[in-house]
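target_38.tsv follows; it contains TSV, C-alpha atoms.
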chain	number	residue	atom	x	y	z
A	1	GLN	CA	0.00	0.00	0.00
A	2	VAL	CA	1.32	3.39	-0.97
A	3	GLN	CA	1.92	5.66	2.01
A	4	LEU	CA	3.10	9.25	1.97
A	5	GLN	CA	4.26	11.26	4.98
A	6	GLU	CA	5.04	14.97	5.05
A	7	SER	CA	7.70	16.31	7.39
A	8	GLY	CA	9.36	19.62	8.08
A	9	PRO	CA	9.21	22.69	10.32
A	10	ARG	CA	5.71	23.56	11.48
A	11	LEU	CA	6.58	27.22	12.10
A	12	VAL	CA	8.33	29.47	9.59
A	13	LYS	CA	9.14	33.13	9.98
A	14	PRO	CA	7.84	35.69	7.47
A	15	SER	CA	10.23	36.18	4.54
A	16	GLY	CA	11.78	32.82	5.33
A	17	THR	CA	11.71	29.56	3.38
A	18	LEU	CA	9.15	26.82	3.90
A	19	SER	CA	10.74	23.40	3.37
A	20	LEU	CA	8.86	20.11	3.40
A	21	THR	CA	9.77	16.56	2.49
A	22	CYS	CA	7.41	13.79	1.48
A	23	ALA	CA	8.60	10.27	2.31
A	24	VAL	CA	7.04	7.55	0.21
A	25	SER	CA	6.80	4.06	1.67
A	26	GLY	CA	5.40	0.75	0.48
A	27	TYR	CA	6.04	1.83	-3.10
A	28	SER	CA	9.00	2.85	-5.25
A	29	ILE	CA	8.89	6.49	-6.24
A	30	SER	CA	10.40	5.41	-9.56
A	31	SER	CA	7.26	3.39	-10.34
A	32	ASN	CA	5.09	6.44	-10.89
A	33	GLU	CA	5.59	9.28	-13.35
A	34	TRP	CA	4.36	12.32	-11.40
A	35	TRP	CA	4.31	13.44	-7.76
A	36	SER	CA	2.64	16.58	-6.49
A	37	TRP	CA	1.97	19.04	-3.69
A	38	VAL	CA	-1.40	20.57	-2.73
A	39	ARG	CA	-2.20	22.97	0.09
A	40	GLN	CA	-5.27	24.13	1.96
A	41	SER	CA	-5.40	27.33	3.95
A	42	PRO	CA	-7.46	27.13	7.17
A	43	GLY	CA	-11.14	27.04	6.32
A	44	LYS	CA	-10.43	27.36	2.61
A	45	GLY	CA	-10.39	25.17	-0.46
A	46	LEU	CA	-7.67	23.10	-2.06
A	47	GLU	CA	-4.90	24.76	-4.06
A	48	TRP	CA	-2.58	22.87	-6.42
A	49	ILE	CA	1.02	23.88	-5.78
A	50	GLY	CA	2.99	21.93	-8.35
A	51	GLU	CA	4.34	18.60	-9.56
A	52	ILE	CA	7.56	16.84	-10.47
A	53	SER	CA	8.20	13.96	-12.85
A	54	LEU	CA	10.70	11.13	-12.63
A	55	THR	CA	12.87	12.95	-15.15
A	56	GLY	CA	12.88	16.06	-12.99
A	57	THR	CA	10.45	18.03	-15.09
A	58	THR	CA	8.44	20.42	-12.93
A	59	ASN	CA	5.17	22.27	-13.39
A	60	TYR	CA	4.20	24.97	-10.93
A	61	ASN	CA	1.12	26.98	-10.08
A	62	PRO	CA	1.76	30.27	-11.89
A	63	SER	CA	0.85	32.21	-8.77
A	64	LEU	CA	3.68	30.52	-6.84
A	65	SER	CA	6.24	29.73	-9.53
A	66	SER	CA	8.59	32.62	-8.76
A	67	ARG	CA	9.03	31.39	-5.18
A	68	LEU	CA	8.69	27.65	-5.60
A	69	SER	CA	11.05	24.72	-6.09
A	70	ILE	CA	10.14	21.02	-6.11
A	71	SER	CA	12.82	18.34	-6.22
A	72	LEU	CA	13.03	14.56	-6.32
A	73	ASP	CA	15.31	12.26	-4.30
A	74	LYS	CA	14.99	8.82	-5.85
A	75	PRO	CA	17.62	7.03	-3.69
A	76	ASN	CA	15.73	8.02	-0.54
A	77	ASN	CA	12.29	7.54	-2.11
A	78	GLN	CA	11.15	11.06	-1.35
A	79	PHE	CA	10.45	14.42	-2.89
A	80	SER	CA	10.56	17.92	-1.48
A	81	LEU	CA	9.08	21.39	-1.67
A	82	ARG	CA	10.72	24.72	-0.98
A	83	LEU	CA	8.71	27.94	-0.95
A	84	HIS	CA	10.69	31.13	-0.51
A	85	SER	CA	9.75	34.56	0.84
A	86	VAL	CA	6.72	33.27	2.68
A	87	THR	CA	4.00	35.41	4.21
A	88	ALA	CA	1.05	34.67	6.47
A	89	ALA	CA	-0.92	33.85	3.33
A	90	ASP	CA	1.25	30.76	2.91
A	91	SER	CA	0.04	29.30	6.21
A	92	ALA	CA	-1.80	26.12	5.29
A	93	VAL	CA	-2.01	22.36	5.54
A	94	TYR	CA	0.41	21.03	2.95
A	95	TYR	CA	-0.29	17.67	1.33
A	96	CYS	CA	1.96	15.56	-0.84
A	97	ALA	CA	0.36	13.13	-3.25
A	98	ARG	CA	0.88	10.60	-6.03
A	99	GLU	CA	-0.55	11.44	-9.42
A	100	SER	CA	-2.25	8.95	-11.67
A	101	HIS	CA	-4.66	9.44	-14.58
A	102	SER	CA	-4.52	13.24	-14.27
A	103	SER	CA	-5.64	12.97	-10.66
A	104	THR	CA	-4.12	12.36	-7.23
A	105	ASP	CA	-4.91	8.90	-5.94
A	106	PHE	CA	-2.80	8.64	-2.78
A	107	TRP	CA	-2.34	11.49	-0.33
A	108	GLY	CA	-0.26	12.13	2.75
A	109	GLN	CA	-2.09	13.02	5.94
A	110	GLY	CA	-1.05	16.64	5.58
A	111	THR	CA	1.03	18.91	7.78
A	112	LEU	CA	0.04	22.33	9.08
A	113	VAL	CA	2.64	24.99	8.49
A	114	THR	CA	2.20	28.37	10.13
A	115	VAL	CA	4.03	31.49	9.00
A	116	SER	CA	4.50	33.76	11.98
A	117	SER	CA	7.17	35.67	13.81
B	1	GLN	CA	-6.28	30.84	-13.21
B	2	SER	CA	-9.60	31.06	-11.36
B	3	ALA	CA	-11.02	28.23	-9.29
B	4	LEU	CA	-13.73	26.12	-10.87
B	5	THR	CA	-17.21	27.09	-9.68
B	6	GLN	CA	-19.19	24.76	-7.43
B	7	PRO	CA	-22.31	25.41	-5.34
B	8	ALA	CA	-21.37	26.15	-1.74
B	9	SER	CA	-23.74	23.54	-0.40
B	10	VAL	CA	-26.08	20.78	-1.54
B	11	SER	CA	-28.44	18.83	0.66
B	12	GLY	CA	-30.80	15.92	0.31
B	13	SER	CA	-32.73	13.38	2.29
B	14	PRO	CA	-31.19	9.99	2.98
B	15	GLY	CA	-31.84	7.69	0.04
B	16	GLN	CA	-32.22	10.51	-2.46
B	17	SER	CA	-29.82	11.35	-5.26
B	18	ILE	CA	-27.99	14.65	-5.38
B	19	THR	CA	-25.82	16.22	-8.05
B	20	ILE	CA	-22.93	18.63	-7.59
B	21	SER	CA	-21.97	20.79	-10.55
B	22	CYS	CA	-18.51	22.08	-11.41
B	23	THR	CA	-18.34	24.83	-13.99
B	24	GLY	CA	-15.20	25.92	-15.77
B	25	THR	CA	-14.15	27.13	-19.18
B	26	SER	CA	-13.11	25.74	-22.53
B	27	SER	CA	-9.50	26.02	-21.34
B	28	ASP	CA	-9.92	23.71	-18.39
B	29	ILE	CA	-12.95	21.42	-18.08
B	30	GLY	CA	-13.88	21.84	-21.72
B	31	SER	CA	-10.61	20.36	-22.92
B	32	ASN	CA	-9.22	18.34	-20.03
B	33	LEU	CA	-10.12	15.48	-17.73
B	34	VAL	CA	-11.92	16.05	-14.43
B	35	SER	CA	-11.46	14.34	-11.08
B	36	TRP	CA	-13.54	14.51	-7.90
B	37	TYR	CA	-12.48	14.30	-4.25
B	38	GLN	CA	-14.26	13.79	-0.94
B	39	GLN	CA	-12.85	15.43	2.18
B	40	TYR	CA	-13.90	15.04	5.79
B	41	PRO	CA	-12.91	17.78	8.27
B	42	GLY	CA	-9.30	17.45	9.33
B	43	LYS	CA	-8.62	14.66	6.84
B	44	ALA	CA	-6.84	14.39	3.52
B	45	PRO	CA	-8.97	14.36	0.37
B	46	LYS	CA	-9.94	11.00	-1.11
B	47	LEU	CA	-10.18	10.38	-4.84
B	48	LEU	CA	-13.72	9.45	-5.90
B	49	ILE	CA	-13.70	9.90	-9.70
B	50	TYR	CA	-10.91	10.26	-12.25
B	51	ASP	CA	-10.89	10.80	-16.01
B	52	ASP	CA	-14.37	12.38	-15.83
B	53	SER	CA	-16.28	9.23	-14.93
B	54	TRP	CA	-14.05	6.39	-13.72
B	55	ARG	CA	-14.14	5.13	-10.14
B	56	PRO	CA	-10.99	3.89	-8.40
B	57	SER	CA	-11.13	0.44	-6.90
B	58	GLY	CA	-12.92	0.50	-3.56
B	59	VAL	CA	-15.07	3.57	-4.22
B	60	SER	CA	-18.78	2.95	-3.89
B	61	ASN	CA	-20.76	2.76	-7.13
B	62	ARG	CA	-23.17	5.27	-5.56
B	63	PHE	CA	-20.71	7.90	-6.81
B	64	SER	CA	-20.73	8.68	-10.52
B	65	GLY	CA	-19.22	11.41	-12.65
B	66	SER	CA	-20.12	12.96	-15.98
B	67	LYS	CA	-19.18	15.93	-18.12
B	68	SER	CA	-20.84	18.06	-20.77
B	69	GLY	CA	-19.05	20.98	-22.36
B	70	ASN	CA	-17.49	23.13	-19.68
B	71	THR	CA	-19.45	21.60	-16.79
B	72	ALA	CA	-18.71	18.43	-14.87
B	73	SER	CA	-21.07	16.77	-12.42
B	74	LEU	CA	-20.82	14.38	-9.49
B	75	THR	CA	-23.91	12.41	-8.57
B	76	ILE	CA	-24.34	10.67	-5.25
B	77	SER	CA	-27.11	8.08	-5.40
B	78	GLY	CA	-28.84	6.78	-2.31
B	79	LEU	CA	-27.47	9.55	-0.11
B	80	GLN	CA	-26.23	8.32	3.26
B	81	ALA	CA	-25.25	10.10	6.45
B	82	GLU	CA	-21.64	9.04	5.88
B	83	ASP	CA	-21.63	11.05	2.64
B	84	GLU	CA	-21.72	14.29	4.63
B	85	ALA	CA	-18.40	15.84	3.64
B	86	GLU	CA	-16.94	18.47	1.35
B	87	TYR	CA	-16.48	17.63	-2.30
B	88	TYR	CA	-14.02	19.16	-4.76
B	89	CYS	CA	-13.67	18.88	-8.51
B	90	CYS	CA	-10.33	19.35	-10.25
B	91	SER	CA	-9.16	19.82	-13.82
B	92	SER	CA	-6.03	20.67	-15.68
B	93	ALA	CA	-6.03	24.23	-16.96
B	94	GLY	CA	-3.90	23.74	-20.04
B	95	ARG	CA	-0.19	23.77	-20.91
B	96	PRO	CA	2.17	24.03	-19.14
B	97	THR	CA	0.31	21.74	-16.79
B	98	ASN	CA	-1.55	23.67	-14.13
B	99	TYR	CA	-4.32	22.03	-12.17
B	100	VAL	CA	-7.19	24.01	-10.71
B	101	PHE	CA	-9.60	22.86	-8.02
B	102	GLY	CA	-13.22	23.78	-7.58
B	103	THR	CA	-14.46	26.02	-4.80
B	104	GLY	CA	-15.83	23.06	-2.86
B	105	THR	CA	-19.34	21.88	-1.99
B	106	VAL	CA	-20.54	20.85	1.45
B	107	VAL	CA	-23.01	17.99	1.27
B	108	THR	CA	-25.59	17.57	4.02
B	109	ALA	CA	-27.94	14.65	4.52
B	110	LEU	CA	-31.06	16.17	6.05
Serialized structure, structure tokens:
Amino acid sequence: QVQLQESGPRLVKPSGTLSLTCAVSGYSISSNEWWSWVRQSPGKGLEWIGEISLTGTTNYNPSLSSRLSISLDKPNNQFSLRLHSVTAADSAVYYCARESHSSTDFWGQGTLVTVSS
Amino acid sequence: QSALTQPASVSGSPGQSITISCTGTSSDIGSNLVSWYQQYPGKAPKLLIYDDSWRPSGVSNRFSGSKSGNTASLTISGLQAEDEAEYYCCSSAGRPTNYVFGTGTVVTAL
């Protein structure tokens, strides 16, 4: 069974960098083409952040692309997100997920990241 | 890219069928595949429908998806109390790949 687990600092200072890692277990990351990140601000809807392919190709939400970087670590079966110059508006639950058939079929449990001084 | 438009809430009596609409444009829904997700409070979303109308293994056949033009729909047949949750649609919004979610619909079983 595919399992994904997000990890990283829960509190980030304004103007700092939000860094999260998604560890994939029970499944080889190399067995699926695309992996993605989605976030949800408190009380709000889902927002697609971006995705990365096995070849390292990335696609980002245009509203975040100037601050965003997603990378893949095949040997450690994980992928990561870095969001720079964060503000309070970036406070959200961040989910990592596996993509299949233009959808996300397995999700991590999500991790709440708060941007505050 | 604007979020896809969904009704804020839909309700029905247990046993009834309800339909949630998801309206987009020719650049997203009109030319790309749609997926649907169910989310309980404090939980991660769960995939219900992919590629407009296909159900993943393990998803109840009470959930069905369809699409016509720039509008996709999710129908829940035989509404049950356990279906009370928030539902989101999602579609690609063109090239380079950029997915957009719907605004979300809260379903209530009266």
When the cut-off is 8 Å and we count all atoms listed in the file, which residues of chain B are near chain A, given as a PyMOL selection string?
chain B and resi 33-35+43-47+50-51+88+90+92+96-104
Selection file, C-alpha atoms, as an mmCIF file, in the frame of the given file:
data_model
loop_
_atom_site.group_PDB
_atom_site.id
_atom_site.type_symbol
_atom_site.label_atom_id
_atom_site.label_comp_id
_atom_site.auth_asym_id
_atom_site.auth_seq_id
_atom_site.Cartn_x
_atom_site.Cartn_y
_atom_site.Cartn_z
ATOM 1 C CA LEU B 33 -10.120 15.480 -17.730
ATOM 2 C CA VAL B 34 -11.920 16.050 -14.430
ATOM 3 C CA SER B 35 -11.460 14.340 -11.080
ATOM 4 C CA LYS B 43 -8.620 14.660 6.840
ATOM 5 C CA ALA B 44 -6.840 14.390 3.520
ATOM 6 C CA PRO B 45 -8.970 14.360 0.370
ATOM 7 C CA LYS B 46 -9.940 11.000 -1.110
ATOM 8 C CA LEU B 47 -10.180 10.380 -4.840
ATOM 9 C CA TYR B 50 -10.910 10.260 -12.250
ATOM 10 C CA ASP B 51 -10.890 10.800 -16.010
ATOM 11 C CA TYR B 88 -14.020 19.160 -4.760
ATOM 12 C CA CYS B 90 -10.330 19.350 -10.250
ATOM 13 C CA SER B 92 -6.030 20.670 -15.680
ATOM 14 C CA PRO B 96 2.170 24.030 -19.140
ATOM 15 C CA THR B 97 0.310 21.740 -16.790
ATOM 16 C CA ASN B 98 -1.550 23.670 -14.130
ATOM 17 C CA TYR B 99 -4.320 22.030 -12.170
ATOM 18 C CA VAL B 100 -7.190 24.010 -10.710
ATOM 19 C CA PHE B 101 -9.600 22.860 -8.020
ATOM 20 C CA GLY B 102 -13.220 23.780 -7.580
ATOM 21 C CA THR B 103 -14.460 26.020 -4.800
ATOM 22 C CA GLY B 104 -15.830 23.060 -2.860
#
Just want the 9 Å neighbourhood of A:Ser53, counted on only C-alpha atoms, with same-chain residues fewer than 3 positions away dropped. Output as an MDAnalysis selection string.
chainID A and resid 32:36 56:59 72
Could you check which residues have any atom within 10 Å of (6.3, 3.9, -3.6), counting all atoms listed in the file with coordinates taken straight from the file, and then list them as an mmCIF file with C-alpha atoms, keeping the file's coordinate frame?
data_model
loop_
_atom_site.group_PDB
_atom_site.id
_atom_site.type_symbol
_atom_site.label_atom_id
_atom_site.label_comp_id
_atom_site.auth_asym_id
_atom_site.auth_seq_id
_atom_site.Cartn_x
_atom_site.Cartn_y
_atom_site.Cartn_z
ATOM 1 C CA GLN A 1 0.000 0.000 0.000
ATOM 2 C CA VAL A 2 1.320 3.390 -0.970
ATOM 3 C CA GLN A 3 1.920 5.660 2.010
ATOM 4 C CA LEU A 4 3.100 9.250 1.970
ATOM 5 C CA ALA A 23 8.600 10.270 2.310
ATOM 6 C CA VAL A 24 7.040 7.550 0.210
ATOM 7 C CA SER A 25 6.800 4.060 1.670
ATOM 8 C CA GLY A 26 5.400 0.750 0.480
ATOM 9 C CA TYR A 27 6.040 1.830 -3.100
ATOM 10 C CA SER A 28 9.000 2.850 -5.250
ATOM 11 C CA ILE A 29 8.890 6.490 -6.240
ATOM 12 C CA SER A 30 10.400 5.410 -9.560
ATOM 13 C CA SER A 31 7.260 3.390 -10.340
ATOM 14 C CA ASN A 32 5.090 6.440 -10.890
ATOM 15 C CA ASN A 77 12.290 7.540 -2.110
ATOM 16 C CA GLN A 78 11.150 11.060 -1.350
ATOM 17 C CA ARG A 98 0.880 10.600 -6.030
#
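Going from atom CA of A:Ser15 over to atom CA of A:Arg39, you cover 18.7 Å.
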Box for stretch 18-26 of chain A: with edges along x, y and z, all listed atoms inside and 6 Å added on each side, what are the centre and edge lengths in Å to one decimal, as JSON?
{"center_x": 8.1, "center_y": 13.8, "center_z": 2.1, "size_x": 17.3, "size_y": 38.1, "size_z": 15.7}
With all atoms listed in the file as the counted atoms, please give the residues lying no more than 9 Å from A:Leu18, apart from itself and same-chain residues fewer than 2 positions off, as a VMD selection string.
chain A and resid 8 to 13 16 20 81 to 86 90 113 115
When you look at B:Asn32 with a cut-off of 8 Å (counting all atoms listed in the file), what residues show up, excluding the ones that are within fewer than 6 positions of it in the same chain? I need them as a PDB file with C-alpha atoms, keeping the file's coordinate frame.
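New file result-v5.pdb:
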ATOM      1  CA  SER B  91      -9.160  19.820 -13.820  1.00  0.00           C
ATOM      2  CA  SER B  92      -6.030  20.670 -15.680  1.00  0.00           C
ATOM      3  CA  ALA B  93      -6.030  24.230 -16.960  1.00  0.00           C
ATOM      4  CA  GLY B  94      -3.900  23.740 -20.040  1.00  0.00           C
TER       5      GLY B  94
END
Atom-to-atom span, atom CA of B:Gln16 and atom CA of B:Leu79, Å
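Straight-line distance from atom CA of B:Gln16 to atom CA of B:Leu79 works out to 5.4 Å.
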Tell me, in Å to one decimal, how far atom CA of A:Pro42 is from atom CA of B:Ala72.
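Result for atom CA of A:Pro42 versus atom CA of B:Ala72: 26.2 Å, one decimal.
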Place a sphere of radius 6 Å on (-17.2, 24.9, -8.5) in the file coordinates and name every protein, DNA or RNA residue with an atom inside or on its surface, counting only C-alpha atoms; give the answer as a list in words.
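Residues close enough to count: Leu4, Thr5, Gln6, Cys22, Thr23, Gly102 and Thr103 of chain B.
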Using all atoms listed in the file: which of A:Ser41, A:Ser116, A:Ser7, A:Thr17 has the shortest distance to A:Ala88:
A:Ser116
